[in-house]
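Novice: Could you have a look at this structure, given as structure tokens, before my questions?
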Amino acid sequence: MAPANLRLLEPTPLANAFPGPAGAERPHITIRGLCKRFQGVTIYDQFDLDVPRGKFVSVFGPNGCGKSTLINMIAGLIPCDAGEILFDGKTLAQTKIGYVFQNYREALFPWLSAFANIEYPLKLMGVGKAERREKVQALVDHMGVKIDLALYPYEMSGGQQQLVSIMRALVVDPEVLFLDEPFSALDYEMNLFMREQLQRLFVETGTTMVLVSHDLEEAVYLADYVLLLSRRPGRIADYPCVPMPRPRDGQTLSDPAFVALKGHCLDIFQREVRR
Amino acid sequence: MNRENPLLSLLPFVGVVGLILVWYIGVWIRIVDPVLLPTPHSTAAALWKGMMGGTLYHDFLRTVSRTLIAIALAAATAIPLGILLGANERLYRSVEFIIEFFRSTPASALFPLFLVIFGVGDKTKIYVAAFGAALVILFNVAYGVMNARKTRILAAKVMGASRWVIMRDVVLWESMPQTFVGLRNGVSLALVIVVVAEMFIGSVDGLGHRVFEAQQLFEMPDMYAAIFAAGALGYGLNVILLRIEKRFIHWSGK
């Protein structure tokens, strides 16, 4: 007998009539009719998606299905061929977003100290020096980070560098934070630690977050909703809710409901891989 | 100092001592005519005397100033041009062949041409050296700009930086390590060209002139002294540039 809250997890019909997760609140990001072809291969064709406001959405799917392509198009890093992406009805240009890259080594500016890296987006926005210092300090205090921010990125460990990247993305109070496999270059211990940091930040800030992950456990653990993508051309294979209460911890990982949900996602994933 | 064994820090001197020993042995067994190969100590004496207020010191300074002026001219033209070309890859591709061609042309082959245009004065020596160095710097700067890390550019873009701001805040910095590679190569090349140019007819000073004249007059210790002075100059310029690079381009290679 499956627990009652797992009924949501039954694969939903893929009519794309309702591209958001079942029972979700007002969408924050709405994507309609998204098309993307790359070197003659159709990656998305008339793709629709809703990302609910203030929720954590993990994107998971087969290799090369366009997980990163999807968030890169939403974040404006690569153009889409057709379609509309709106943030609460606004365009990207009118929206403050943050983006955390997988390769922190190549995303941070090595000629700037960690502190200068974090305040850089504020500088771009024309925020004055005193206010920038204040904002960065407030964020540092808030996160309880014990890193010497006078160091240059290359003097730091991988985890510390990625924390600096996350702070750089968060310092502008973005409406949406995108994370593209942010912890995949870190070892497992650091990965677990960073998950906790990210979860805490999510709970405290309530920022809408979209995470691309290739680690199913990480994806489900952090998510309110898991967006399971099909093989390309990308469709929503499933979009289940993860109802486990927050803050989640090590116990959550062995919670039968969590395990069942992860198993369900794995089934969908394998079905898509075999297609 | 090496912590395991303090003697290990003396390793770099082994080769120097070895060379001097071989040199003495060569002189002692008369491997060549003693007129052609003076002893190390007589060469050292000539170097000391020449550099302490002798003509060698004057020639040394002339070569330094020509090389520095040449490199300054080269950097002042090639760096901005390299940035411009690197930022417009199509523009670079359209002139790439010309740059590659003249970069591969020995600059010394252009010397007679520059002599005709600028006469036998200082200008010719400096301009040929600047021309050779400029192409090396240009090539490196342009590639530094073109090979700026995509992720860093995207990171700035997603933060809302305009094309111009990305250029100023990211690409310029990204190209700096490569620019320094160009500068170091350029300085070496400029020194080579200046010294060769100083050997030409019409030269009255400079290390090249000194070497050539000492050879003509069969003043072998002076000739060796001038060669070592030129070597020290090349080595010194490289060390200075490496120091500057380490200090300001601290992230290079990390």
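Following the order of the structure tokens, first chain is A, next is B, and so on, with residues numbered from 1 inside each chain and ligands from 1 in the order they appear.
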If we count only C-alpha atoms, which residues of chain A reach to within 6 Å of chain B? Please list them as a PDB file with C-alpha atoms, in the first residue's frame.

Specialist:
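What ended up in part_1.pdb:
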ATOM      1  CA  GLU A 106      36.101  29.384 -14.559  1.00  0.00           C
ATOM      2  CA  ALA A 107      33.140  31.391 -13.341  1.00  0.00           C
ATOM      3  CA  PRO A 110      40.632  35.158 -10.275  1.00  0.00           C
ATOM      4  CA  PRO A 121      27.250  42.431  -9.427  1.00  0.00           C
TER       5      PRO A 121
END

Novice: Taking the DSSP secondary structure from the backbone, can you list the residues of range 29-237 of chain B that are alpha helix (DSSP H), as a ChimeraX atom specification?

Specialist: /B:40-51,55-87,89-104,111-118,122-146,150-158,163-166,172-198,207-216,220-237

Novice: Considering only C-alpha atoms, return as a ChimeraX atom specification whatever protein or nucleic-acid residues lie within 8 Å of range 78-90 of chain B, sequence-local ones (same chain, fewer than 4 positions apart) excluded.

Specialist: /B:74,94,134-135,137-146,172,179

Novice: Fewer than 6 positions away in the same chain doesn't count, so skip those; otherwise give me all residues within 10 Å of Ile69 in chain B, counting only C-alpha atoms, as a PDB file with C-alpha atoms, in the first residue's frame.

Specialist:
ATOM      1  CA  THR B  63      71.556  48.986 -25.863  1.00  0.00           C
ATOM      2  CA  ALA B  75      53.572  47.696 -26.676  1.00  0.00           C
ATOM      3  CA  ILE B 126      64.705  51.050 -32.785  1.00  0.00           C
ATOM      4  CA  TYR B 127      62.010  50.818 -35.460  1.00  0.00           C
ATOM      5  CA  ALA B 129      63.184  46.059 -33.200  1.00  0.00           C
ATOM      6  CA  ALA B 130      59.810  47.645 -32.435  1.00  0.00           C
ATOM      7  CA  ALA B 190      63.827  43.336 -29.573  1.00  0.00           C
TER       8      ALA B 190
END

Novice: Identify, on the basis of only C-alpha atoms, every residue whose closest approach to range 13-20 of chain B does not exceed 12 Å; exclude the query and any residue fewer than 4 positions from it along the same chain; express the result as number ranges by chain.

Specialist: B: 7-9, 24-27, 38-41, 43-44

Novice: Check the smallest atom-to-atom distance from each of A:Ala116, A:Val164, A:Ala130, A:Val171 to Met194 in chain A using only C-alpha atoms, then report the winner.

Specialist: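 Nearest candidate to Met194 in chain A out of A:Ala116, A:Val164, A:Ala130, A:Val171: A:Val164.
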
Novice: Considering only C-alpha atoms, return as a PyMOL selection string whatever protein or nucleic-acid residues lie within 10 Å of Leu228 in chain A, sequence-local ones (same chain, fewer than 3 positions apart) excluded.

Specialist: chain A and resi 58-62+67+225+231+234-240+265-266+268-269+272

Novice: Go through range 134-201 of chain B and flag each residue having an atom no more than 12 Å from range 211-218 of chain B; for those, report the closest pair of atoms plus their distance in Å to one decimal, using only C-alpha atoms, ordered by chain and rising number, as a Markdown table.

Specialist:
| residue | atom | partner | partner_atom | distance |
| --- | --- | --- | --- | --- |
| B:Val195 | CA | B:Val211 | CA | 9.3 |
| B:Val196 | CA | B:Phe212 | CA | 9.8 |
| B:Ala197 | CA | B:Phe212 | CA | 11.1 |
| B:Glu198 | CA | B:Phe212 | CA | 8.8 |
| B:Met199 | CA | B:Phe212 | CA | 6.0 |
| B:Phe200 | CA | B:Phe212 | CA | 9.1 |
| B:Ile201 | CA | B:Phe212 | CA | 10.6 |

Novice: Restricting the output to C-alpha atoms, write the selected residues as a PDB file, in the first residue's frame.

Specialist:
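Dumped to part_36.pdb:
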ATOM      1  CA  VAL B 195      72.246  43.961 -30.949  1.00  0.00           C
ATOM      2  CA  VAL B 196      72.364  42.774 -34.558  1.00  0.00           C
ATOM      3  CA  ALA B 197      71.517  46.268 -35.789  1.00  0.00           C
ATOM      4  CA  GLU B 198      74.310  47.729 -33.687  1.00  0.00           C
ATOM      5  CA  MET B 199      76.810  45.611 -35.594  1.00  0.00           C
ATOM      6  CA  PHE B 200      75.917  47.325 -38.863  1.00  0.00           C
ATOM      7  CA  ILE B 201      77.911  49.997 -40.608  1.00  0.00           C
TER       8      ILE B 201
END

Novice: Pull the strand (DSSP E or B) assignments for range 166-212 of chain A out of DSSP run on the backbone, and list those residues as a PyMOL selection string.

Specialist: chain A and resi 176-180+208-212

Novice: Keeping C-alpha atoms, export the residues of the selection given above as a compact mmCIF listing (two decimals), in the first residue's frame.

Specialist:
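Dumped to again36.txt:
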# COMPACT_ATOMS: atom_id res chain seq x y z
CA VAL A 176 15.17 33.45 -9.22
CA LEU A 177 18.39 31.57 -8.59
CA PHE A 178 19.60 29.13 -11.25
CA LEU A 179 22.14 26.46 -10.36
CA ASP A 180 23.71 24.32 -13.07
CA THR A 208 12.60 30.57 -6.35
CA MET A 209 15.39 28.18 -7.21
CA VAL A 210 15.96 26.00 -10.28
CA LEU A 211 18.66 23.37 -9.95
CA VAL A 212 20.01 21.14 -12.70

Novice: I'd like the neighbourhood of Leu207 in chain B as a list in words, where a residue qualifies if any of its atoms comes within 8 Å (using only C-alpha atoms), though same-chain residues fewer than 5 positions away should be ignored.

Specialist: Leu56, Asp59, Phe60, Arg62, Thr63, Val195, Glu198, Ala226, Ile227, Ala229 and Ala230 of chain B

Novice: Of the residues A:Pro182, A:Gly83, A:Gly76, A:Gly158, which is the one nearest to Asp215 in chain A, using only C-alpha atoms?

Specialist: A:Pro182

Novice: Pick the closest to Pro27 in chain A from A:Phe56, A:Phe87, A:Tyr120, A:Tyr44: which is it, counting only C-alpha atoms?

Specialist: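 Going through A:Phe56, A:Phe87, A:Tyr120, A:Tyr44 one by one, the smallest distance to Pro27 in chain A is for A:Phe87.
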
Novice: With only C-alpha atoms as the atoms that count, which of B:Val136, B:Val120, B:Ala72, B:Ala45 lies nearest to Gln178 in chain B?

Specialist: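 Looking only at the distances to Gln178 in chain B, the closest residue turns out to be B:Val136.
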
Novice: What is the CA of Asn191 in chain A to CA of Asp267 in chain A distance in Å?

Specialist: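 Here the two named atoms are 24.3 Å from each other.
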
Novice: Could you jot down the CA of Ser108 in chain B to CA of Ile193 in chain B separation for me, Å, one decimal place?

Specialist: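 Atom-to-atom, CA of Ser108 in chain B to CA of Ile193 in chain B, that is 6.5 Å.
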